[in-house]
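Asker: First, the structure itself, so that you have it in front of you.
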Amino acid sequence: MSGFDPHGACVVVTGAGNGIGAALATALAARGAHVVVADLDAEGAARTVDVIETAGGTAVAAPGDAASEDGVAALIGTAREAFGPVQAWFANAGVDRGRGLDATEAEWALSLDVNVMAHVRAARALLPEWLDAGGGRFVVTASAAGLLTMLEAPAYSVTKHGAVAFAEWLSATYRHRGVVVQALCPQGVQTRMLTESGPLEEILSRDTALTAEQVAADVLSALDGDEFLILPHADVADYYRARANDTDRWLSGMNRLQQKLDAGKAAGGE
């Protein structure tokens, strides 16, 4: 296997209207990729395209639902019409819904749909052509929560673990046929999702909250190789090893963080 050169390639970035997705779309365009900017937020998608085109890049907005079967099919159709066959898919769209056991059935269902099934549906649609062509690249934004956990957010944690698990399965099944799968697992990133995480923001930022542009730069560097995990926060690798080597000790440490969160809520009158 070899690295992926974005120059001249048709790439799709979901959730590209804001945050990591917007930064990634912009960085890919700067490397010469033809970028399909997908997002439910039509204004956000148009804004990202405007930034790319102002800088001399090539992009097209594709507002819509990248999680449903019909939405994935429409997105691939838009890409093909604009730039030809999709050569790389950056499954960046994600949601964080519900807190604790109060997370509703609807919040769990949405989390599963966007954070896991969107990747499954995209792979179903892309793999036949990629296998015929001899390869493709599938990059999933899974979050450090997909390797560790995120306190207070069970639906996010479970579905991001699912995203990593599906990416692992996809890689194990198809890597010998040229399909390269990578999982981006950042911790705190200076995005809207972080600022809306409430008391979790301090914990998620404990190892420095990176900018979306810093994360995008790490992804672009990772495209030069084929390593499965993309870890913008180096400490995440240490936490992941600690979790595997002594799970009970790791869980005790996470529980201490939970107690800190509980104490903060009590002090704040929640």
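Following the order of the structure tokens, first chain is A, next is B, and so on, with residues numbered from 1 inside each chain and ligands from 1 in the order they appear.
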Would you mind listing what lies within 10 Å of Ile230 of chain A as JSON, numbers by chain, with only C-alpha atoms counted and same-chain residues fewer than 4 positions away left out?

Answerer: {"A": [139, 140, 141, 142, 143, 182, 183, 184, 185, 186, 215, 218, 219, 221, 222, 223, 226, 234, 237]}

Asker: What's around Trp108 of chain A at 8 Å? Count only C-alpha atoms, leave out sequence neighbours fewer than 6 positions away in its own chain, and write the answer as a short mmCIF file (atom, residue, chain, number, x, y, z; two decimals) with all heavy atoms, in the first residue's frame.

Answerer:
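Once everything was written out, this is result_24.cif:
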data_model
loop_
_atom_site.label_atom_id
_atom_site.label_comp_id
_atom_site.auth_asym_id
_atom_site.auth_seq_id
_atom_site.Cartn_x
_atom_site.Cartn_y
_atom_site.Cartn_z
N ARG A 97 -25.48 13.60 21.34
CA ARG A 97 -26.82 13.84 21.87
C ARG A 97 -27.05 13.04 23.15
O ARG A 97 -26.66 11.88 23.24
CB ARG A 97 -27.89 13.43 20.86
CG ARG A 97 -27.88 14.22 19.56
CD ARG A 97 -28.37 15.64 19.77
NE ARG A 97 -28.53 16.32 18.50
CZ ARG A 97 -27.55 16.95 17.85
NH1 ARG A 97 -26.34 16.97 18.37
NH2 ARG A 97 -27.77 17.55 16.69
N GLY A 98 -27.72 13.67 24.10
CA GLY A 98 -28.13 12.97 25.32
C GLY A 98 -27.05 12.93 26.38
O GLY A 98 -25.86 12.87 26.08
N ALA A 155 -24.38 7.71 24.63
CA ALA A 155 -24.71 7.48 23.23
C ALA A 155 -23.53 7.85 22.33
O ALA A 155 -23.21 7.13 21.38
CB ALA A 155 -25.95 8.28 22.84
#

Asker: Would you list the contacts of segment 80-92 of chain A as an NGL selection string, taking every protein, DNA or RNA residue within 10 Å and counting only C-alpha atoms, but skipping same-chain residues closer than 6 positions in sequence?

Answerer: :A and (4 or 6 or 8-16 or 19-22 or 24-25 or 33-36 or 38-39 or 58-60 or 66-67 or 74 or 114-116 or 118-119 or 122-123 or 126 or 129-130 or 133 or 135-143 or 163 or 179-184)

Asker: Compare A:Glu53, A:Asp41, A:Glu227, A:Glu152 by their minimum atom-to-atom distance to Ser2 of chain A, counting only C-alpha atoms, and give me the closest one.

Answerer: A:Glu227

Asker: Skip segment 241-249 of chain A itself and residues of its chain fewer than 5 positions away, then list as a PyMOL selection string all residues within 12 Å of it, counting only C-alpha atoms.

Answerer: chain A and resi 147-149+234-236+254-256

Asker: From a DSSP pass on the backbone, collect the residues of segment 38-247 of chain A flagged as helix (DSSP H, G or I) and hand them back as a VMD selection string.

Answerer: chain A and resid 42 to 54 69 to 83 100 to 102 105 to 133 144 to 146 154 to 177 192 to 195 200 to 204 212 to 222 235 to 245 247

Asker: In Å, rounded to a single decimal, give me how far atom CA of Ser171 of chain A is from atom CA of Pro232 of chain A.

Answerer: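 Atom CA of Ser171 of chain A lies 20.4 Å from atom CA of Pro232 of chain A.
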
Asker: When you look at Ala61 of chain A with a cut-off of 6 Å (counting only C-alpha atoms), what residues show up, excluding the ones that are within fewer than 6 positions of it in the same chain? I need them as a PDB file with N, CA, C and O atoms, in the first residue's frame.

Answerer:
ATOM      1  N   VAL A  37     -18.283  19.264  -0.614  1.00  0.00           N
ATOM      2  CA  VAL A  37     -18.515  19.738   0.752  1.00  0.00           C
ATOM      3  C   VAL A  37     -19.937  19.386   1.157  1.00  0.00           C
ATOM      4  O   VAL A  37     -20.904  20.013   0.709  1.00  0.00           O
ATOM      5  N   ALA A  45     -22.124  24.741   4.368  1.00  0.00           N
ATOM      6  CA  ALA A  45     -21.479  24.130   3.208  1.00  0.00           C
ATOM      7  C   ALA A  45     -21.093  25.193   2.182  1.00  0.00           C
ATOM      8  O   ALA A  45     -19.979  25.180   1.631  1.00  0.00           O
ATOM      9  N   ALA A  46     -22.003  26.131   1.923  1.00  0.00           N
ATOM     10  CA  ALA A  46     -21.722  27.203   0.960  1.00  0.00           C
ATOM     11  C   ALA A  46     -20.576  28.081   1.446  1.00  0.00           C
ATOM     12  O   ALA A  46     -19.733  28.524   0.645  1.00  0.00           O
TER      13      ALA A  46
END
